[in-house]
Structure formats: C-alpha cells, structure tokens
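Here the structure is laid out as structure tokens; the discussion comes afterwards.
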Amino acid sequence: MPQFRWCDQGDVVTHTAWLNRSSILYAGEDKWSVDPRVSLVTLNQEEFTIKIENVDMTDEGQYVCAVQTSRRPRTTSVGILVQVPPKIINLSKDLVVNEGSNVTLVCQASGKPEPAVSWKLISPSGDLGSDDEFLEIPSISRQRAGTYECSASNDIDTDVQTVDITVNYAPTVLEGRDVGVTLGQRGVLECEADAVPEADFEWYKDDRSGGGKQSTWRKPEQTRGEHANWDSNPGPSFLLRSDSAIRSATVPILNGLDGLEIVTSGSLSKLTFFNVSDGDYGNYTCLAINKLGSSNTNFLLYGPFCLAASSHGSLRTAFYL
C-alpha cells in the first residue's frame with residue numbers, strides 16, 4: 001500500500017524538503033532519492049506531498065518535512081510503522097519414525113507484530129498441542145500418528161502449514177478363527193494384521209503334531225446325522241512361536257498350488273481351499289512380517305468326521321452329514 005507524506009506549507013515558502021534519517025528525499029521539485037518507489041505528488045503554496053510505493057521494513061522510521069518561510073524555518077515529523085503479515089520460515093519436514101521414538105516439531109515464523117505460534121494435531125483430531133514454536137512428543141505411540149498443524153498469527157493475518165508424522169510399528173495379528181468345512185466344499189481362512197508399514201504374509205501347515213494351536217484328533221462314535229460336542233477339556237495352551245520355529249515345524253504354502261489360492265489386500269490375507277479334501281484338514285499358521293518384527297496366529301481347518309481339543313477352552317461342535 002502506498003504511503004503519502006503531506007506537509008502544510010503556509011506563509012510564503014522559500015525552500016522546502018522531505019528527509020528520512022537525515023537523507024534528503026526531495027528538495028522542492030528536485031528528487032534526491034535514488035529509490036524509484038519514491039515520487040512527488042503535490043507541491044504548491046499550500047501542500048508538499050510525496051508517495052512511497054510498496055512499503056517494506058526498510059521504510060519504517062521518522063520522516064521530516066522542513067520548510068523555510070519568509071518568517072522562520074519550521075519542521076513537521078511523521079512516523080511510518082510497518083506491519084508485516086506472519087510467514088512461517090522454518091518448519092519440520094514430514095517424519096517417519098518408529099513407535100517409542102522421541103519427536104520434536106519446530107515451527108518458526110517472522111512478522112510484525114511478532115506472531116504467536118501454536119501447534120495442534122488435526123487428523124485424527126486430538127487434544128495434543130502446544131502454544132509454542134516447539135512441540136515435544138516423548139515416546140510417540142501409533143495413536144499420535146497423523147497431521148499436525150502449525151499456525152502463526154498476528155494482528156494482520158495468519159499463516160498455516162502442516163507436518164505429517166508416520167509411526168512404524170510391528171505387526172499384531174487378530175486371533176485366528178477355526179473353520180469347519182465338509183469335503184468338497186469351499187473353505188477360507190482369513191488372517192488380519194495391524195502394522196505400519198503393511199505386513200507381508202506367509203502361510204504354513206503343520207507337518208507334525210504338537211506345534212502352535214495344538215489339536216487332538218479323534219473319530220467320534222456317533223452315527224451319521226447325530227450332533228457331537230467337543231470335549232470340554234480345554235486341552236493344551238495356545239503357543240506363540242518364533243519365525244524359525246514356525247518354519248522348522250511346518251510346510252510353507254505356496255500360492256498357485258492345485259486347489260489353493262492366497263490373496264492379500266492391505267491388512268488382510270485369505271487362504272482359500274476351492275475343493276476341500278482330507279489332506280487339507282489340519283493346523284495352519286499365518287505369519288505377518290514387516291521390518292520391525294512379526295506376529296503369528298493359528299487356525300484349525302476341520303471336517304465333520306474329526307474332533308479337535310480347542311486351545312481356547314470353549315465348547316466346539318461338529319455335525320455329521
């Protein structure tokens with residue numbers, strides 16, 4: 001915005017000048033300033049006005065109009081106070097950290113009056129924030145991942161910028177759900193894992209008894225069409241095994257094997273049996289892995305003529321067809 005400096009002449013003027021910091025801008029109609037933004041607007045017996053275009057911080061200060069009249073010299077002073085809207089000049093970059101790390105976000109801004117700086121978590125919305133240019137997040141958790149907003153405000157305007165924090169953590173798999181399928185039917189085992197970055201999945205089938213979610217197999221004595229109950233004995237405890245233990249005690253399942261398909265989409269992996277046979281029944285392990293760790297869960301694929309002792313202690317049922 002241009003600034004006009006006006007000076008009332010009065011009396012009979014012999015000499016007149018505009019000065020800034022003892023530097024002459026104009027002496028009468030003669031321009032002394034080399035600044036192209038400064039120009040003469042009006043000069044007559046009543047008024048002496050100059051204009052400054054595109055005012056910036058260097059223009060702030062006192063300006064003096066000096067007038068020599070037939071009676072006596074006199075001066076008039078006027079000050080320019082330049083206000084500058086806030087501008088964020090130093091902001092933390094987007095971050096990718098591991099869960100448990102200490103995080104510090106920095107936001108620095110310029111402006112006049114000096115802007116007030118604040119931080120807040122905006123996505124997901126939360127109560128985490130700071131009324132300071134620094135935001136400290138000790139031992140960050142996955143719940144603190146998201147978009148953080150820095151706001152710098154003064155009487156003139158507000159400047160806003162954001163920082164994204166991604167928190168990596170090891171997989172956690174949901175407990176496997178046992179599935180009963182009759183011979184010749186379609187069966188699906190579903191394995192879901194929560195992880196950042198997303199987990200890779202591996203499927204295994206036990207090649208010996210006693211691994212993972214252990215099951216005791218026995219043929220029921222009931223005849224066809226009868227309803228059978230699982231033994232109420234809770235059986236062996238559910239065991240989480242290391243990756244090496246899983247791989248040494250099981251057979252890997254490869255996608256594309258006859259009658260099998262593994263489809264993984266995001267956090268979910270599905271092992272599908274299109275035509276269940278006797279050889280498909282048994283214990284299966286889903287292993288979820290990323291660069292921070294791994295987690296596994298076990299499944300039991302069972303048929304109508306077999307009973308297994310549940311590792312969860314719940315009462316299971318089977319039907320004879």
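Going by the structure tokens order, chains are called A, B, ..., each with residues numbered from 1, while ligands are numbered from 1 in the order shown.
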
Inset, instruction - Assign secondary structure with DSSP using the backbone only, and return the residues of segment 58-240 of chain A in strand (DSSP E) as a PyMOL selection string. - result: chain A and resi 61-69+73-80+84-91+95-98+103-112+116-123+125-130+134-137+146-153+158-173+179-180+187-196+200-206+227-229

Legend entry - Near-segment 160-166 of chain A list (10 Å; only C-alpha atoms; drop same-chain fewer than 5 positions) as a PyMOL selection string: chain A and resi 86-88+91-99+103+105-107+117-123+142+144-153+196-197

Legend entry - Selected residue of minimal separation from Cys65 of chain A among A:Lys31, A:Arg37, A:His15, A:Lys112, counting only C-alpha atoms: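 Counting only C-alpha atoms, the residue closest to Cys65 of chain A is A:His15.
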
Within 12 Å of segment 72-84 of chain A, which residues of segment 111-214 of chain A come that close, and what is the closest atom pair and distance in Å for each? Count only C-alpha atoms and give it as a Markdown table.
| residue | atom | partner | partner_atom | distance |
| --- | --- | --- | --- | --- |
| A:Gly111 | CA | A:Val84 | CA | 5.0 |
| A:Lys112 | CA | A:Val84 | CA | 4.7 |
| A:Pro113 | CA | A:Gln83 | CA | 6.5 |
| A:Glu114 | CA | A:Val84 | CA | 8.9 |
| A:Pro115 | CA | A:Val84 | CA | 9.6 |
| A:Ser153 | CA | A:Val84 | CA | 10.9 |
| A:Asn154 | CA | A:Val84 | CA | 8.8 |
| A:Asp155 | CA | A:Gln83 | CA | 8.7 |
| A:Ile156 | CA | A:Val84 | CA | 7.1 |
| A:Asp157 | CA | A:Val84 | CA | 8.7 |
| A:Thr158 | CA | A:Val84 | CA | 10.9 |
| A:Asp159 | CA | A:Val84 | CA | 11.8 |

Inset, instruction - Output as a ChimeraX atom specification all residues of segment 40-180 of chain A that backbone DSSP marks as helix (DSSP H, G or I). - result: /A:57-59,142-144

File of the preceding selection, C-alpha atoms, as a compact mmCIF listing (two decimals), in the first residue's frame:
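Everything below was put into out.txt:
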# COMPACT_ATOMS: atom_id res chain seq x y z
CA MET A 57 10.52 -2.78 6.65
CA THR A 58 13.36 -0.57 5.46
CA ASP A 59 10.90 2.32 5.12
CA ARG A 142 0.83 -45.16 16.88
CA GLN A 143 -2.20 -43.20 18.12
CA ARG A 144 -0.16 -39.99 17.75

Legend entry - Residue nearest Leu260 of chain A among A:Trp18, A:Leu292, A:Ala195, A:Gly187 (counting only C-alpha atoms):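 Closest to Leu260 of chain A of all the choices is A:Gly187.
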
Inset, instruction - Fewer than 3 positions away in the same chain doesn't count, so skip those; otherwise give me all residues within 7 Å of segment 271-282 of chain A, counting only C-alpha atoms, as a PyMOL selection string. - result: chain A and resi 183-190+259-263+300-303

Output for the residues just chosen: N, CA, C and O atoms as a PDB file, in the first residue's frame:
ATOM      1  N   LEU A 183     -16.151 -82.097   3.149  1.00  0.00           N
ATOM      2  CA  LEU A 183     -15.362 -82.491   1.975  1.00  0.00           C
ATOM      3  C   LEU A 183     -16.018 -81.975   0.696  1.00  0.00           C
ATOM      4  O   LEU A 183     -17.236 -82.013   0.540  1.00  0.00           O
ATOM      5  N   GLY A 184     -15.178 -81.456  -0.197  1.00  0.00           N
ATOM      6  CA  GLY A 184     -15.647 -80.989  -1.491  1.00  0.00           C
ATOM      7  C   GLY A 184     -16.171 -79.565  -1.499  1.00  0.00           C
ATOM      8  O   GLY A 184     -16.478 -79.039  -2.567  1.00  0.00           O
ATOM      9  N   GLN A 185     -16.255 -78.959  -0.319  1.00  0.00           N
ATOM     10  CA  GLN A 185     -16.761 -77.595  -0.249  1.00  0.00           C
ATOM     11  C   GLN A 185     -15.600 -76.586  -0.241  1.00  0.00           C
ATOM     12  O   GLN A 185     -14.432 -76.938  -0.181  1.00  0.00           O
ATOM     13  N   ARG A 186     -15.984 -75.342  -0.287  1.00  0.00           N
ATOM     14  CA  ARG A 186     -15.005 -74.248  -0.296  1.00  0.00           C
ATOM     15  C   ARG A 186     -14.750 -73.774   1.134  1.00  0.00           C
ATOM     16  O   ARG A 186     -15.685 -73.556   1.897  1.00  0.00           O
ATOM     17  N   GLY A 187     -13.482 -73.611   1.494  1.00  0.00           N
ATOM     18  CA  GLY A 187     -13.131 -73.124   2.826  1.00  0.00           C
ATOM     19  C   GLY A 187     -12.173 -71.953   2.735  1.00  0.00           C
ATOM     20  O   GLY A 187     -11.320 -71.905   1.847  1.00  0.00           O
ATOM     21  N   VAL A 188     -12.329 -71.008   3.662  1.00  0.00           N
ATOM     22  CA  VAL A 188     -11.483 -69.808   3.652  1.00  0.00           C
ATOM     23  C   VAL A 188     -10.960 -69.526   5.054  1.00  0.00           C
ATOM     24  O   VAL A 188     -11.734 -69.472   6.017  1.00  0.00           O
ATOM     25  N   LEU A 189      -9.651 -69.367   5.172  1.00  0.00           N
ATOM     26  CA  LEU A 189      -9.028 -68.902   6.404  1.00  0.00           C
ATOM     27  C   LEU A 189      -8.598 -67.451   6.200  1.00  0.00           C
ATOM     28  O   LEU A 189      -7.948 -67.131   5.198  1.00  0.00           O
ATOM     29  N   GLU A 190      -8.968 -66.578   7.127  1.00  0.00           N
ATOM     30  CA  GLU A 190      -8.670 -65.154   6.998  1.00  0.00           C
ATOM     31  C   GLU A 190      -7.735 -64.707   8.109  1.00  0.00           C
ATOM     32  O   GLU A 190      -7.996 -64.964   9.283  1.00  0.00           O
ATOM     33  N   GLY A 259      -5.791 -76.216  -6.287  1.00  0.00           N
ATOM     34  CA  GLY A 259      -6.923 -76.101  -5.384  1.00  0.00           C
ATOM     35  C   GLY A 259      -6.770 -75.060  -4.298  1.00  0.00           C
ATOM     36  O   GLY A 259      -7.660 -74.923  -3.460  1.00  0.00           O
ATOM     37  N   LEU A 260      -5.645 -74.333  -4.282  1.00  0.00           N
ATOM     38  CA  LEU A 260      -5.392 -73.325  -3.248  1.00  0.00           C
ATOM     39  C   LEU A 260      -5.149 -71.956  -3.878  1.00  0.00           C
ATOM     40  O   LEU A 260      -4.633 -71.847  -4.988  1.00  0.00           O
ATOM     41  N   GLU A 261      -5.506 -70.922  -3.138  1.00  0.00           N
ATOM     42  CA  GLU A 261      -5.206 -69.564  -3.577  1.00  0.00           C
ATOM     43  C   GLU A 261      -4.965 -68.687  -2.357  1.00  0.00           C
ATOM     44  O   GLU A 261      -5.712 -68.743  -1.380  1.00  0.00           O
ATOM     45  N   ILE A 262      -3.898 -67.882  -2.411  1.00  0.00           N
ATOM     46  CA  ILE A 262      -3.631 -66.899  -1.364  1.00  0.00           C
ATOM     47  C   ILE A 262      -3.807 -65.513  -1.975  1.00  0.00           C
ATOM     48  O   ILE A 262      -3.144 -65.171  -2.956  1.00  0.00           O
ATOM     49  N   VAL A 263      -4.695 -64.726  -1.400  1.00  0.00           N
ATOM     50  CA  VAL A 263      -4.936 -63.362  -1.863  1.00  0.00           C
ATOM     51  C   VAL A 263      -4.720 -62.417  -0.692  1.00  0.00           C
ATOM     52  O   VAL A 263      -5.349 -62.564   0.357  1.00  0.00           O
ATOM     53  N   LEU A 300      -7.422 -73.828  12.731  1.00  0.00           N
ATOM     54  CA  LEU A 300      -7.728 -75.247  12.550  1.00  0.00           C
ATOM     55  C   LEU A 300      -8.784 -75.378  11.468  1.00  0.00           C
ATOM     56  O   LEU A 300      -9.861 -74.805  11.579  1.00  0.00           O
ATOM     57  N   LEU A 301      -8.440 -76.075  10.395  1.00  0.00           N
ATOM     58  CA  LEU A 301      -9.417 -76.414   9.364  1.00  0.00           C
ATOM     59  C   LEU A 301      -9.854 -77.842   9.640  1.00  0.00           C
ATOM     60  O   LEU A 301      -9.036 -78.773   9.564  1.00  0.00           O
ATOM     61  N   TYR A 302     -11.143 -78.035   9.996  1.00  0.00           N
ATOM     62  CA  TYR A 302     -11.607 -79.356  10.423  1.00  0.00           C
ATOM     63  C   TYR A 302     -12.831 -79.758   9.626  1.00  0.00           C
ATOM     64  O   TYR A 302     -13.522 -78.935   9.043  1.00  0.00           O
ATOM     65  N   GLY A 303     -13.082 -81.057   9.628  1.00  0.00           N
ATOM     66  CA  GLY A 303     -14.207 -81.605   8.895  1.00  0.00           C
ATOM     67  C   GLY A 303     -15.226 -82.223   9.818  1.00  0.00           C
ATOM     68  O   GLY A 303     -15.041 -82.295  11.032  1.00  0.00           O
TER      69      GLY A 303
END

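Separating atom CA of Ser130 of chain A from atom CA of Tyr169 of chain A is a distance of 25.4 Å.
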
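The nearest approach to Ser23 of chain A among the residues A:Ile289, A:Ile52, A:Val181, A:Val64, with only C-alpha atoms taken into account, belongs to A:Val64.
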
Inset, instruction - Provide the atom CA of Lys270 of chain A to atom CA of Ser294 of chain A distance in Å, to one decimal place. - result: 17.8 Å

Legend entry - Selected residue, from A:Tyr63, A:Phe48, A:Asn290, A:Tyr204, that lies nearest to Leu254 of chain A when counting only C-alpha atoms: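 Smallest separation from Leu254 of chain A among the options: A:Tyr204.
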
Inset, instruction - Kindly give the distance, in Å, that separates atom CA of Ala170 of chain A and atom CA of Ser101 of chain A, rounded to a single decimal. - result: 13.8 Å
